[in-house]
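What's in run11.txt: compact mmCIF, C-alpha atoms (C1' of nucleotides)
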```txt
# COMPACT_ATOMS: atom_id res chain seq x y z
CA MET A 1 0.00 0.00 0.00
CA THR A 2 2.98 2.25 0.54
CA GLU A 3 4.64 1.46 -2.82
CA ARG A 4 3.21 3.08 -5.86
CA PRO A 5 4.85 2.92 -9.26
CA SER A 6 2.89 5.64 -11.01
CA TYR A 7 2.28 9.27 -10.22
CA HIS A 8 -1.43 8.74 -9.82
CA HIS A 9 -2.63 6.60 -6.95
CA GLY A 10 -5.60 5.19 -8.82
CA ASP A 11 -8.11 5.03 -6.00
CA LEU A 12 -6.92 7.53 -3.47
CA ARG A 13 -10.34 8.64 -2.35
CA ARG A 14 -11.29 5.13 -1.25
CA ALA A 15 -7.87 4.54 0.29
CA ILE A 16 -8.10 7.69 2.40
CA VAL A 17 -11.57 6.85 3.71
CA ALA A 18 -10.43 3.32 4.54
CA ALA A 19 -7.38 4.64 6.36
CA ALA A 20 -9.55 7.10 8.26
CA VAL A 21 -11.94 4.36 9.37
CA GLU A 22 -9.00 2.26 10.48
CA ALA A 23 -7.46 5.09 12.46
CA ILE A 24 -10.78 6.06 14.06
CA THR A 25 -11.42 2.44 15.04
CA GLU A 26 -8.06 2.28 16.74
CA ARG A 27 -7.87 5.68 18.42
CA GLY A 28 -11.17 7.54 18.10
CA PRO A 29 -12.67 10.15 15.78
CA ALA A 30 -10.27 12.94 16.81
CA ASP A 31 -6.87 11.36 17.27
CA TRP A 32 -5.56 11.23 13.71
CA SER A 33 -4.16 13.60 11.14
CA LEU A 34 -4.63 14.13 7.44
CA ARG A 35 -0.90 13.69 7.05
CA GLU A 36 -1.05 10.30 8.73
CA LEU A 37 -3.70 9.14 6.28
CA ALA A 38 -1.56 10.41 3.43
CA ARG A 39 1.43 8.47 4.73
CA ARG A 40 -0.64 5.30 5.06
CA ALA A 41 -1.78 5.67 1.46
CA GLY A 42 1.74 6.45 0.28
CA VAL A 43 0.98 9.91 -1.10
CA SER A 44 2.15 13.38 -0.27
CA HIS A 45 0.78 15.27 2.70
CA ALA A 46 -1.47 17.52 0.60
CA ALA A 47 -3.03 14.87 -1.62
CA PRO A 48 -6.07 14.19 0.61
CA ALA A 49 -7.04 17.84 0.52
CA HIS A 50 -7.59 17.63 -3.22
CA HIS A 51 -10.34 15.05 -2.76
CA PHE A 52 -11.87 16.13 0.53
CA GLY A 53 -10.92 19.75 1.09
CA ASP A 54 -10.22 19.37 4.78
CA LYS A 55 -10.68 17.05 7.74
CA ALA A 56 -14.42 17.65 7.83
CA GLY A 57 -14.56 16.50 4.22
CA VAL A 58 -12.99 13.16 5.10
CA LEU A 59 -15.37 12.71 8.01
CA THR A 60 -18.33 13.62 5.79
CA ALA A 61 -17.33 10.80 3.45
CA VAL A 62 -16.96 8.43 6.40
CA ALA A 63 -20.42 9.37 7.68
CA ALA A 64 -22.00 8.93 4.24
CA GLU A 65 -20.45 5.51 3.75
CA GLY A 66 -21.48 4.64 7.30
CA TYR A 67 -25.13 5.48 6.69
CA THR A 68 -25.10 3.37 3.54
CA ARG A 69 -23.64 0.34 5.32
CA PHE A 70 -26.01 0.97 8.22
CA ALA A 71 -29.08 0.92 5.95
CA ASP A 72 -27.81 -2.28 4.35
CA ALA A 73 -27.38 -3.94 7.74
CA LEU A 74 -30.85 -2.95 8.92
CA GLU A 75 -32.47 -4.07 5.70
CA ALA A 76 -30.80 -7.45 5.96
CA ALA A 77 -32.38 -7.96 9.38
CA GLY A 78 -35.83 -8.32 7.83
CA ASP A 79 -39.17 -6.98 9.03
CA ASP A 80 -39.11 -8.08 12.65
CA LEU A 81 -38.70 -5.03 14.88
CA HIS A 82 -36.87 -6.90 17.60
CA GLU A 83 -34.32 -8.33 15.16
CA THR A 84 -33.91 -4.92 13.56
CA GLY A 85 -33.10 -3.51 16.97
CA LEU A 86 -30.47 -6.16 17.58
CA ALA A 87 -29.03 -5.46 14.11
CA TYR A 88 -28.79 -1.79 15.12
CA ILE A 89 -26.71 -2.74 18.14
CA ARG A 90 -24.65 -5.24 16.17
CA PHE A 91 -23.77 -2.60 13.60
CA ALA A 92 -22.87 0.03 16.19
CA VAL A 93 -20.52 -2.26 18.08
CA GLY A 94 -19.07 -3.93 14.99
CA HIS A 95 -18.51 -0.67 13.11
CA ARG A 96 -17.88 1.78 15.89
CA ALA A 97 -15.89 4.16 13.70
CA TYR A 98 -18.82 4.68 11.34
CA PHE A 99 -21.34 4.79 14.16
CA GLU A 100 -19.50 7.35 16.25
CA VAL A 101 -18.92 9.67 13.32
CA MET A 102 -22.51 9.34 12.06
CA PHE A 103 -23.96 10.51 15.36
CA THR A 104 -21.47 13.33 15.90
CA PRO A 105 -22.60 15.86 13.29
CA ALA A 106 -20.22 18.51 14.62
CA LEU A 107 -17.44 16.51 12.96
CA TYR A 108 -18.72 16.75 9.39
CA ARG A 109 -20.88 18.76 6.98
CA PRO A 110 -24.47 17.70 7.65
CA ASP A 111 -25.78 19.30 4.44
CA ASP A 112 -23.60 17.27 2.09
CA PRO A 113 -25.81 15.79 -0.70
CA ASP A 114 -24.28 12.30 -0.64
CA LEU A 115 -24.57 12.23 3.11
CA THR A 116 -28.18 13.37 3.33
CA ALA A 117 -29.20 10.85 0.67
CA ALA A 118 -27.58 7.99 2.57
CA ARG A 119 -29.08 9.12 5.86
CA SER A 120 -32.54 9.45 4.34
CA ARG A 121 -32.38 5.86 3.21
CA ALA A 122 -31.37 4.69 6.68
CA ASP A 123 -34.22 6.72 8.17
CA ARG A 124 -36.71 5.07 5.82
CA VAL A 125 -35.51 1.59 6.75
CA LEU A 126 -35.87 2.43 10.43
CA ALA A 127 -39.31 3.95 9.97
CA ARG A 128 -40.49 0.88 8.09
CA GLY A 129 -39.80 -1.30 11.10
CA VAL A 130 -42.00 0.83 13.35
CA HIS A 131 -44.88 1.15 10.96
CA GLY A 132 -48.03 -0.60 12.07
CA VAL A 133 -47.14 -0.86 15.75
CA SER A 134 -50.17 1.15 16.87
CA PRO A 135 -52.63 1.33 13.97
CA GLY A 136 -54.83 4.36 13.92
CA ASP A 137 -52.91 6.36 16.47
CA PRO A 138 -50.06 8.35 14.90
CA GLY A 139 -48.97 9.83 18.24
CA ALA A 140 -48.63 6.42 19.84
CA GLU A 141 -46.79 5.12 16.83
CA ARG A 142 -44.37 8.03 16.96
CA ASN A 143 -43.73 7.43 20.65
CA ALA A 144 -43.26 3.71 20.11
CA GLY A 145 -40.76 4.42 17.36
CA LEU A 146 -38.81 6.87 19.47
CA ALA A 147 -38.82 4.44 22.39
CA ALA A 148 -37.47 1.61 20.26
CA TRP A 149 -34.87 3.84 18.64
CA SER A 150 -33.81 5.25 22.01
CA ILE A 151 -33.38 1.94 23.79
CA VAL A 152 -31.23 0.31 21.11
CA HIS A 153 -29.24 3.47 20.48
CA GLY A 154 -28.70 3.99 24.19
CA PHE A 155 -27.62 0.41 24.78
CA ALA A 156 -25.19 0.59 21.88
CA HIS A 157 -23.71 3.89 23.00
CA LEU A 158 -23.37 2.78 26.62
CA TRP A 159 -21.69 -0.43 25.50
CA LEU A 160 -19.26 1.46 23.28
CA SER A 161 -18.42 3.90 26.03
CA GLY A 162 -17.55 1.05 28.36
CA ALA A 163 -20.27 2.03 30.81
CA ILE A 164 -21.83 -1.45 30.84
CA ALA A 165 -19.85 -3.75 33.08
CA ASP A 166 -17.58 -6.31 31.50
CA GLU A 167 -18.84 -9.06 33.76
CA LEU A 168 -21.79 -9.40 31.43
CA GLY A 169 -19.60 -10.96 28.76
CA ASP A 170 -18.31 -9.76 25.44
CA ASP A 171 -21.37 -10.30 23.26
CA PRO A 172 -23.48 -7.15 23.31
CA VAL A 173 -26.29 -8.71 21.28
CA ALA A 174 -26.72 -11.56 23.76
CA VAL A 175 -26.81 -9.12 26.65
CA ALA A 176 -29.16 -6.76 24.84
CA ARG A 177 -31.72 -9.36 23.78
CA PRO A 178 -33.55 -9.70 27.10
CA VAL A 179 -32.99 -6.02 27.90
CA ILE A 180 -34.73 -4.60 24.87
CA GLY A 181 -37.22 -7.45 25.01
CA ARG A 182 -38.83 -5.66 27.93
CA LEU A 183 -39.93 -3.00 25.49
CA PHE A 184 -40.56 -4.98 22.33
CA GLU A 185 -42.47 -8.00 23.63
CA ARG A 186 -45.29 -6.83 25.78
CA MET B 1 -10.95 37.92 33.51
CA THR B 2 -8.13 38.98 31.25
CA GLU B 3 -6.70 41.50 33.68
CA ARG B 4 -4.75 40.18 36.57
CA PRO B 5 -2.83 42.40 38.98
CA SER B 6 -0.77 39.74 40.68
CA TYR B 7 1.58 37.11 39.37
CA HIS B 8 -0.60 34.32 40.66
CA HIS B 9 -4.02 33.85 39.19
CA GLY B 10 -5.62 32.73 42.41
CA ASP B 11 -7.99 30.11 41.08
CA LEU B 12 -6.55 29.07 37.77
CA ARG B 13 -7.57 25.46 38.02
CA ARG B 14 -11.23 26.34 38.29
CA ALA B 15 -10.94 29.01 35.61
CA ILE B 16 -9.41 26.59 33.12
CA VAL B 17 -12.08 23.97 33.68
CA ALA B 18 -14.80 26.60 33.31
CA ALA B 19 -13.22 27.87 30.09
CA ALA B 20 -12.99 24.31 28.80
CA VAL B 21 -16.66 23.64 29.51
CA GLU B 22 -17.57 26.86 27.76
CA ALA B 23 -15.49 26.04 24.69
CA ILE B 24 -16.81 22.46 24.54
CA THR B 25 -20.39 23.70 24.82
CA GLU B 26 -19.82 26.05 21.90
CA ARG B 27 -17.74 23.91 19.57
CA GLY B 28 -17.52 20.34 20.84
CA PRO B 29 -15.06 18.29 22.88
CA ALA B 30 -12.26 18.42 20.31
CA ASP B 31 -12.27 21.90 18.81
CA TRP B 32 -10.31 23.89 21.35
CA SER B 33 -6.72 24.28 22.46
CA LEU B 34 -4.93 24.53 25.75
CA ARG B 35 -3.50 27.82 24.58
CA GLU B 36 -6.97 29.19 23.97
CA LEU B 37 -8.01 28.33 27.52
CA ALA B 38 -4.88 30.03 28.79
CA ARG B 39 -5.71 33.16 26.80
CA ARG B 40 -9.27 33.18 28.14
CA ALA B 41 -7.93 32.98 31.68
CA GLY B 42 -5.32 35.64 31.01
CA VAL B 43 -2.30 33.48 31.76
CA SER B 44 0.65 32.26 29.73
CA HIS B 45 0.34 29.41 27.28
CA ALA B 46 2.04 26.89 29.55
CA ALA B 47 0.19 27.67 32.76
CA PRO B 48 -2.57 25.06 32.29
CA ALA B 49 -0.01 22.30 31.95
CA HIS B 50 1.17 22.94 35.48
CA HIS B 51 -2.24 22.03 36.89
CA PHE B 52 -3.41 19.40 34.44
CA GLY B 53 -0.36 18.03 32.67
CA ASP B 54 -1.93 17.85 29.24
CA LYS B 55 -5.24 18.04 27.40
CA ALA B 56 -6.39 14.71 28.78
CA GLY B 57 -5.82 16.13 32.26
CA VAL B 58 -8.22 19.00 31.61
CA LEU B 59 -10.82 16.63 30.22
CA THR B 60 -10.39 14.33 33.20
CA ALA B 61 -11.22 17.25 35.47
CA VAL B 62 -14.23 18.13 33.31
CA ALA B 63 -15.49 14.54 33.47
CA ALA B 64 -15.01 14.35 37.25
CA GLU B 65 -16.88 17.60 37.81
CA GLY B 66 -19.53 16.39 35.39
CA TYR B 67 -20.13 13.16 37.30
CA THR B 68 -20.45 15.12 40.54
CA ARG B 69 -23.02 17.52 39.09
CA PHE B 70 -24.75 14.56 37.46
CA ALA B 71 -25.10 12.70 40.75
CA ASP B 72 -26.44 15.87 42.38
CA ALA B 73 -29.05 16.29 39.65
CA LEU B 74 -30.21 12.68 39.88
CA GLU B 75 -30.41 12.79 43.66
CA ALA B 76 -32.51 15.93 43.53
CA ALA B 77 -35.06 14.10 41.36
CA GLY B 78 -36.09 11.92 44.28
CA ASP B 79 -36.95 8.24 44.39
CA ASP B 80 -39.36 7.99 41.46
CA LEU B 81 -37.72 6.08 38.62
CA HIS B 82 -39.64 7.92 35.91
CA GLU B 83 -38.65 11.33 37.26
CA THR B 84 -35.06 10.17 37.66
CA GLY B 85 -35.07 9.21 33.99
CA LEU B 86 -36.34 12.63 33.00
CA ALA B 87 -33.70 14.24 35.20
CA TYR B 88 -31.09 12.16 33.35
CA ILE B 89 -32.29 13.61 30.04
CA ARG B 90 -32.58 17.11 31.47
CA PHE B 91 -28.98 16.98 32.67
CA ALA B 92 -27.63 15.63 29.39
CA VAL B 93 -29.30 18.30 27.28
CA GLY B 94 -28.69 21.12 29.73
CA HIS B 95 -25.04 20.26 30.34
CA ARG B 96 -24.00 18.71 27.04
CA ALA B 97 -20.31 19.53 27.51
CA TYR B 98 -20.10 17.51 30.71
CA PHE B 99 -22.30 14.72 29.34
CA GLU B 100 -20.38 14.28 26.11
CA VAL B 101 -17.03 14.18 27.85
CA MET B 102 -18.24 11.82 30.58
CA PHE B 103 -19.34 9.21 28.05
CA THR B 104 -16.27 9.49 25.83
CA PRO B 105 -13.60 7.83 27.98
CA ALA B 106 -11.07 7.96 25.16
CA LEU B 107 -10.78 11.68 25.89
CA TYR B 108 -9.58 11.39 29.48
CA ARG B 109 -7.86 9.16 32.05
CA PRO B 110 -10.52 6.72 33.25
CA ASP B 111 -8.41 5.58 36.23
CA ASP B 112 -8.08 9.01 37.82
CA PRO B 113 -9.01 8.75 41.54
CA ASP B 114 -11.19 11.88 41.67
CA LEU B 115 -12.97 10.76 38.55
CA THR B 116 -13.66 7.19 39.65
CA ALA B 117 -14.96 8.43 43.00
CA ALA B 118 -17.38 10.83 41.34
CA ARG B 119 -18.53 8.20 38.87
CA SER B 120 -19.05 5.63 41.59
CA ARG B 121 -21.35 8.01 43.38
CA ALA B 122 -23.36 8.61 40.21
CA ASP B 123 -23.58 4.86 39.65
CA ARG B 124 -24.92 4.36 43.16
CA VAL B 125 -27.60 7.00 42.69
CA LEU B 126 -28.66 5.35 39.44
CA ALA B 127 -28.68 1.87 40.95
CA ARG B 128 -30.82 3.09 43.85
CA GLY B 129 -33.58 4.08 41.43
CA VAL B 130 -33.75 0.61 39.93
CA HIS B 131 -33.67 -1.29 43.21
CA GLY B 132 -36.86 -3.11 44.02
CA VAL B 133 -38.29 -3.18 40.50
CA SER B 134 -38.40 -6.97 40.36
CA PRO B 135 -37.98 -8.32 43.89
CA GLY B 136 -36.46 -11.74 44.17
CA ASP B 137 -35.20 -11.94 40.60
CA PRO B 138 -31.73 -10.37 40.24
CA GLY B 139 -31.57 -11.13 36.52
CA ALA B 140 -34.83 -9.36 35.82
CA GLU B 141 -33.80 -6.43 37.95
CA ARG B 142 -30.53 -6.13 36.07
CA ASN B 143 -32.35 -6.21 32.74
CA ALA B 144 -34.89 -3.65 33.93
CA GLY B 145 -32.08 -1.35 35.05
CA LEU B 146 -30.24 -1.67 31.78
CA ALA B 147 -33.44 -1.05 29.84
CA ALA B 148 -34.23 2.10 31.79
CA TRP B 149 -30.66 3.36 31.53
CA SER B 150 -30.54 2.59 27.81
CA ILE B 151 -33.78 4.32 26.89
CA VAL B 152 -33.03 7.59 28.67
CA HIS B 153 -29.41 7.59 27.59
CA GLY B 154 -30.37 6.84 24.01
CA PHE B 155 -33.03 9.52 23.90
CA ALA B 156 -30.61 12.08 25.31
CA HIS B 157 -27.84 11.18 22.90
CA LEU B 158 -30.15 11.16 19.89
CA TRP B 159 -31.54 14.54 20.91
CA LEU B 160 -28.06 15.99 21.35
CA SER B 161 -26.94 14.65 17.97
CA GLY B 162 -29.88 16.34 16.28
CA ALA B 163 -31.29 13.03 15.09
CA ILE B 164 -34.74 13.70 16.59
CA ALA B 165 -36.73 15.99 14.37
CA ASP B 166 -37.15 19.60 15.40
CA GLU B 167 -40.87 19.52 14.64
CA LEU B 168 -41.35 17.94 18.03
CA GLY B 169 -40.51 21.19 19.75
CA ASP B 170 -37.54 22.37 21.76
CA ASP B 171 -38.32 20.79 25.11
CA PRO B 172 -36.70 17.35 25.23
CA VAL B 173 -38.25 16.46 28.58
CA ALA B 174 -41.77 17.08 27.32
CA VAL B 175 -41.11 14.95 24.25
CA ALA B 176 -39.42 12.22 26.27
CA ARG B 177 -42.11 11.87 28.94
CA PRO B 178 -44.59 9.78 26.91
CA VAL B 179 -41.75 8.01 25.10
CA ILE B 180 -40.03 6.59 28.14
CA GLY B 181 -43.42 6.12 29.78
CA ARG B 182 -43.91 3.14 27.50
CA LEU B 183 -41.19 1.39 29.44
CA PHE B 184 -41.65 2.75 32.95
CA GLU B 185 -45.42 2.56 33.36
CA ARG B 186 -46.54 -0.90 32.40
C1' DA C 1 13.75 37.40 58.07
C1' DG C 2 14.62 33.37 55.54
C1' DC C 3 13.63 29.30 53.00
C1' DG C 4 11.36 25.71 50.37
C1' DA C 5 7.61 24.71 47.50
C1' DA C 6 4.04 25.98 44.49
C1' DA C 7 2.52 28.85 40.69
C1' DC C 8 3.45 30.91 36.61
C1' DT C 9 6.49 32.63 32.46
C1' DT C 10 9.57 32.40 28.61
C1' DG C 11 11.71 29.87 25.09
C1' DT C 12 11.86 26.12 22.05
C1' DC C 13 10.81 22.08 18.86
C1' DA C 14 8.39 18.80 16.05
C1' DA C 15 3.89 18.05 14.10
C1' DT C 16 -0.28 19.65 12.04
C1' DG C 17 -3.99 21.99 8.96
C1' DG C 18 -4.49 24.57 5.31
C1' DC C 19 -3.18 27.27 1.31
C1' DA C 20 -0.58 28.45 -3.07
C1' DA C 21 1.97 27.26 -6.93
C1' DG C 22 4.05 23.90 -9.73
C1' DA C 23 4.63 19.16 -11.89
C1' DT C 24 2.66 14.94 -14.00
C1' DA C 25 -0.44 11.84 -16.15
C1' DG C 26 -4.76 10.42 -18.44
C1' DG C 27 -8.04 11.08 -21.88
C1' DA C 28 -10.64 13.42 -25.39
C1' DT C 29 -10.49 15.51 -29.86
C1' DC C 30 -8.68 16.25 -34.14
C1' DG D 1 -0.13 10.17 -33.18
C1' DA D 2 0.07 15.18 -31.85
C1' DT D 3 -2.20 18.59 -28.98
C1' DC D 4 -4.56 20.36 -25.35
C1' DC D 5 -7.29 20.18 -21.25
C1' DT D 6 -8.20 18.81 -16.79
C1' DA D 7 -7.95 15.96 -12.78
C1' DT D 8 -4.52 14.33 -9.84
C1' DC D 9 -0.67 14.70 -7.04
C1' DT D 10 3.77 17.21 -5.20
C1' DT D 11 6.58 20.71 -3.11
C1' DG D 12 6.99 24.62 -0.33
C1' DC D 13 5.34 27.47 3.06
C1' DC D 14 3.18 29.68 7.40
C1' DA D 15 0.50 30.21 11.63
C1' DT D 16 -1.01 27.38 15.38
C1' DT D 17 -0.60 23.80 18.59
C1' DG D 18 0.98 20.29 22.39
C1' DA D 19 4.57 19.27 25.06
C1' DC D 20 8.80 19.89 27.42
C1' DA D 21 12.80 22.43 29.77
C1' DA D 22 14.53 26.03 32.37
C1' DG D 23 14.00 30.22 34.67
C1' DT D 24 11.25 33.69 37.61
C1' DT D 25 7.91 35.26 40.99
C1' DT D 26 5.05 34.65 44.90
C1' DC D 27 3.16 32.24 48.88
C1' DG D 28 3.23 30.15 53.30
C1' DC D 29 5.57 28.26 56.96
C1' DT D 30 8.99 28.38 60.57
```
How would this structure read if it were set down as C-alpha cells?
Amino acid sequence: MTERPSYHHGDLRRAIVAAAVEAITERGPADWSLRELARRAGVSHAAPAHHFGDKAGVLTAVAAEGYTRFADALEAAGDDLHETGLAYIRFAVGHRAYFEVMFTPALYRPDDPDLTAARSRADRVLARGVHGVSPGDPGAERNAGLAAWSIVHGFAHLWLSGAIADELGDDPVAVARPVIGRLFER
Amino acid sequence: MTERPSYHHGDLRRAIVAAAVEAITERGPADWSLRELARRAGVSHAAPAHHFGDKAGVLTAVAAEGYTRFADALEAAGDDLHETGLAYIRFAVGHRAYFEVMFTPALYRPDDPDLTAARSRADRVLARGVHGVSPGDPGAERNAGLAAWSIVHGFAHLWLSGAIADELGDDPVAVARPVIGRLFER
DNA sequence: AGCGAAACTTGTCAATGGCAAGATAGGATC
DNA sequence: GATCCTATCTTGCCATTGACAAGTTTCGCT
C-alpha cells in the first residue's frame, strides 16, 4: 500500500476513507491527522485535501459511507422489529468508527448531498420497522418508534463507552436481547 | 478575567475547567486548544499544563466535575424512577459539555481517583432508582435497570446529535415523557 | 527574616492543517 | 499520433498547537 509505481494513486479517495476508518477504530474520531492518512496511502501530505478539502470533508465521506452500510445492515435484518433492533446494536458495536462519526454531526458537513441521501435511506428503513405498531394512532406510533430507537441506540452507546460492566460478557447482542425485550415484547 | 494584577491567578484550576466547559459547549469536545483556555484565563500558554499536565488532564477534570453535578441532579429528582429518567435527560441536554465528555472515555484518564470516586457516586444514585423493581429476581432487575438506563441515555444522545426531528418542539423532557413512559409505566 | 515549594512565564521544537503554486499523467479531440 | 485540457498529485510554506525544559515570581511556613 505504501509502494506506488505511477504518479497517480488510482483510487486515493477510497484509500483515504479506509485509512480514516481504520485510524478512528483504533484511536477515536479525533486522534488522527490528514498527514497520517496520506502516509498510510503512500501519497504526499497535501493529496487528501484535493479530494476532501479538509478534515471535515474526510469525516463527511466516512459518515455517508457509514449510513449506507447501516441501511444495508438494517435491511438485511428483515421486518421483525426486535431483530432490527439487535441489528442496530450489532452494527454500532461492529462498526464503531462509522457509528460514532454518524452521530457526531459537529465533525462533518451535515448538508452534504451524498450524506443526506444515505441518511434518508437509513431513516426510511428504520421507519419501516416501526410502521403498524399502533394502527390508527399516529402519536402512539411516533412514541413507540422513538422508544425503540432510544433503547437500542442507548444500549449501543453505553456499551461502546464502556459504561456497561464487562462481567456481562463480550457479546453485546446476547446481553441486549432480554434487555430490549422488555420493550418490544409486551 | 483577562486583567490580573498579581503574578498568581488565584484560582486558575477552576478558571481553566470553566473555560474548557464553555469552549466544549460552543464547539464540541475536540475543537479547542490549551493555549486558547490560557488566553481566556489571562495566563501564559504553559500555565494550564502545570495544573493538568496535558489536554487529557483538563478533560479528566471536566469529566469528574460532570459526574459530581450529574449525581447531584439525579439525587434531587427523588426516588421515582420515571422522574429520575427525565432528570437524566434534562442533565444531558442542559449540560451537554459535561455529558459528552463523561461518556467518551477515550478523551480522558478513566483511572483518575477523583474521577472514579465521582462516577461511583453517580452509579450508586442510578442503581438506587432501579432497586426493588423486580424483587427476588436479580436477573430481571438487572435487565430492567439496563433497559431504563438505555432508553433515557439513548433519547438524550439522539436529541443531542440532532437526530430527533425539530418539529417535536424544543423541550426534550416534554417529548421524552410519553416516550419513556412506555417502558416505565406498564 | 529566611527558605522551600508551588505557581506561573519564557523559550523552544516537532507536528499539524491549510493554502498556493508547480509538476505529472490520463483522456478526449482532431 | 500530436495537442490540449483537466484531474490528480507534489513541493513549499506559514501560523497554530501540544509538550517539554529552564527560569522567575510569589506564597506560606517556621
What's around Arg27 (chain B) at 12 Å? Count only C-alpha atoms (C1' of nucleotides), leave out sequence neighbours fewer than 6 positions away in its own chain, and write the answer as a PDB file with C-alpha atoms, in the coordinates of the input.
```pdb
ATOM      1  CA  THR A 104     -21.470  13.330  15.900  1.00  0.00           C
ATOM      2  CA  PRO A 105     -22.600  15.860  13.290  1.00  0.00           C
ATOM      3  CA  ALA A 106     -20.220  18.510  14.620  1.00  0.00           C
ATOM      4  CA  LEU A 107     -17.440  16.510  12.960  1.00  0.00           C
TER       5      LEU A 107
ATOM      6  CA  ALA B  20     -12.990  24.310  28.800  1.00  0.00           C
ATOM      7  CA  VAL B  21     -16.660  23.640  29.510  1.00  0.00           C
ATOM      8  CA  SER B  33      -6.720  24.280  22.460  1.00  0.00           C
ATOM      9  CA  ARG B  96     -24.000  18.710  27.040  1.00  0.00           C
ATOM     10  CA  ALA B  97     -20.310  19.530  27.510  1.00  0.00           C
ATOM     11  CA  GLU B 100     -20.380  14.280  26.110  1.00  0.00           C
TER      12      GLU B 100
END
```
Shell around DG11 (chain C) at 12 Å using all atoms listed in the file, local window under 2 positions removed, as a ChimeraX atom specification: /B:45-46 /C:9,13 /D:20-23
Could you please determine the separation between CA of Asp123 (chain B) and CA of Thr25 (chain A) in Å, to one decimal place?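 Going from CA of Asp123 (chain B) over to CA of Thr25 (chain A), I get 27.6 Å.
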Pull out every residue of chain C that has at least one atom within 9 Å of chain A, counting only C-alpha atoms (C1' of nucleotides), and report them as a ChimeraX atom specification. /C:16-18,24-25
Listing only residues of chain B within 7 Å of chain A, what is the closest atom pair and its distance in Å (to one decimal) for each, using all atoms listed in the file, sorted by chain and residue number ascending, as a tab-separated table?
```
residue	atom	partner	partner_atom	distance
B:Ala30	CA	A:Ala30	CA	6.8
B:Phe103	CA	A:Ser161	CA	5.8
B:Thr104	CA	A:Ser161	CA	6.0
B:Pro105	CA	A:Ser161	CA	6.5
B:Asn143	CA	A:Val179	CA	4.9
B:Ala144	CA	A:Val179	CA	6.8
B:Leu146	CA	A:Val179	CA	6.4
B:Ala147	CA	A:Val179	CA	5.4
B:Ser150	CA	A:Gly154	CA	4.3
B:Ile151	CA	A:Ile151	CA	3.9
B:His153	CA	A:Gly154	CA	5.0
B:Gly154	CA	A:Gly154	CA	3.3
B:Phe155	CA	A:Ser150	CA	4.7
B:Ser161	CA	A:Phe103	CA	5.7
B:Pro178	CA	A:Asn143	CA	6.7
B:Val179	CA	A:Asn143	CA	4.9
B:Ile180	CA	A:Ala147	CA	6.3
B:Leu183	CA	A:Leu183	CA	6.0
```
For a quick test of understanding: name the residues of chain D lying within 12 Å of chain B when counting only C-alpha atoms (C1' of nucleotides), and present them as a PyMOL selection string. chain D and resi 16-21+24-27
Separation of CA of Ala47 (chain A) from C1' of DC9 (chain D) in Å: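 A separation of 5.9 Å between them.
The set of protein, DNA and RNA residues with any counted atom at most 12 Å from (-16.2, 0.8, 38.4) (all atoms listed in the file) reads Gly162, Ala163, Ile164, Ala165, Asp166 and Glu167 of chain A; Pro110, Asp111, Asp112, Pro113, Leu115, Thr116, Ala117, Ala118, Arg119, Ser120, Arg121, Ala122, Asp123 and Arg124 of chain B.
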Can I get the selection written as a compact mmCIF listing (two decimals), in the coordinates of the input, with C-alpha atoms?
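Result file is again-v1.txt:
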```txt
# COMPACT_ATOMS: atom_id res chain seq x y z
CA GLY A 162 -17.55 1.05 28.36
CA ALA A 163 -20.27 2.03 30.81
CA ILE A 164 -21.83 -1.45 30.84
CA ALA A 165 -19.85 -3.75 33.08
CA ASP A 166 -17.58 -6.31 31.50
CA GLU A 167 -18.84 -9.06 33.76
CA PRO B 110 -10.52 6.72 33.25
CA ASP B 111 -8.41 5.58 36.23
CA ASP B 112 -8.08 9.01 37.82
CA PRO B 113 -9.01 8.75 41.54
CA LEU B 115 -12.97 10.76 38.55
CA THR B 116 -13.66 7.19 39.65
CA ALA B 117 -14.96 8.43 43.00
CA ALA B 118 -17.38 10.83 41.34
CA ARG B 119 -18.53 8.20 38.87
CA SER B 120 -19.05 5.63 41.59
CA ARG B 121 -21.35 8.01 43.38
CA ALA B 122 -23.36 8.61 40.21
CA ASP B 123 -23.58 4.86 39.65
CA ARG B 124 -24.92 4.36 43.16
```
Under the rule that all atoms listed in the file are counted, which of C:DC3, C:DC8, C:DA15, C:DA23 is the nearest residue to DT10 (chain D)? C:DA23
Rounded to one decimal, what separation in Å do you get between CA of Gly66 (chain B) and CA of Val17 (chain B)?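 Straight-line distance from CA of Gly66 (chain B) to CA of Val17 (chain B) works out to 10.8 Å.
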Could you put an axis-aligned box around every listed atom of region 168-177 of chain B, padded by 8 Å on each side, and send me its centre and edge lengths in Å to one decimal, as JSON?
```
{"center_x": -39.4, "center_y": 17.1, "center_z": 23.5, "size_x": 21.4, "size_y": 26.5, "size_z": 26.9}
```
Take region 7-27 of chain C from the block and save it with C-alpha atoms (C1' of nucleotides), as an mmCIF file, in the first residue's frame.
```
data_model
loop_
_atom_site.group_PDB
_atom_site.id
_atom_site.type_symbol
_atom_site.label_atom_id
_atom_site.label_comp_id
_atom_site.auth_asym_id
_atom_site.auth_seq_id
_atom_site.Cartn_x
_atom_site.Cartn_y
_atom_site.Cartn_z
ATOM 1 C "C1'" DA C 7 2.518 28.846 40.691
ATOM 2 C "C1'" DC C 8 3.454 30.912 36.606
ATOM 3 C "C1'" DT C 9 6.495 32.631 32.463
ATOM 4 C "C1'" DT C 10 9.566 32.404 28.611
ATOM 5 C "C1'" DG C 11 11.709 29.869 25.086
ATOM 6 C "C1'" DT C 12 11.860 26.124 22.051
ATOM 7 C "C1'" DC C 13 10.809 22.077 18.856
ATOM 8 C "C1'" DA C 14 8.389 18.798 16.049
ATOM 9 C "C1'" DA C 15 3.893 18.045 14.096
ATOM 10 C "C1'" DT C 16 -0.277 19.645 12.044
ATOM 11 C "C1'" DG C 17 -3.986 21.986 8.962
ATOM 12 C "C1'" DG C 18 -4.487 24.566 5.306
ATOM 13 C "C1'" DC C 19 -3.184 27.268 1.311
ATOM 14 C "C1'" DA C 20 -0.583 28.449 -3.071
ATOM 15 C "C1'" DA C 21 1.967 27.263 -6.934
ATOM 16 C "C1'" DG C 22 4.052 23.897 -9.727
ATOM 17 C "C1'" DA C 23 4.628 19.157 -11.890
ATOM 18 C "C1'" DT C 24 2.657 14.941 -13.997
ATOM 19 C "C1'" DA C 25 -0.438 11.843 -16.147
ATOM 20 C "C1'" DG C 26 -4.761 10.416 -18.441
ATOM 21 C "C1'" DG C 27 -8.043 11.075 -21.876
#
```
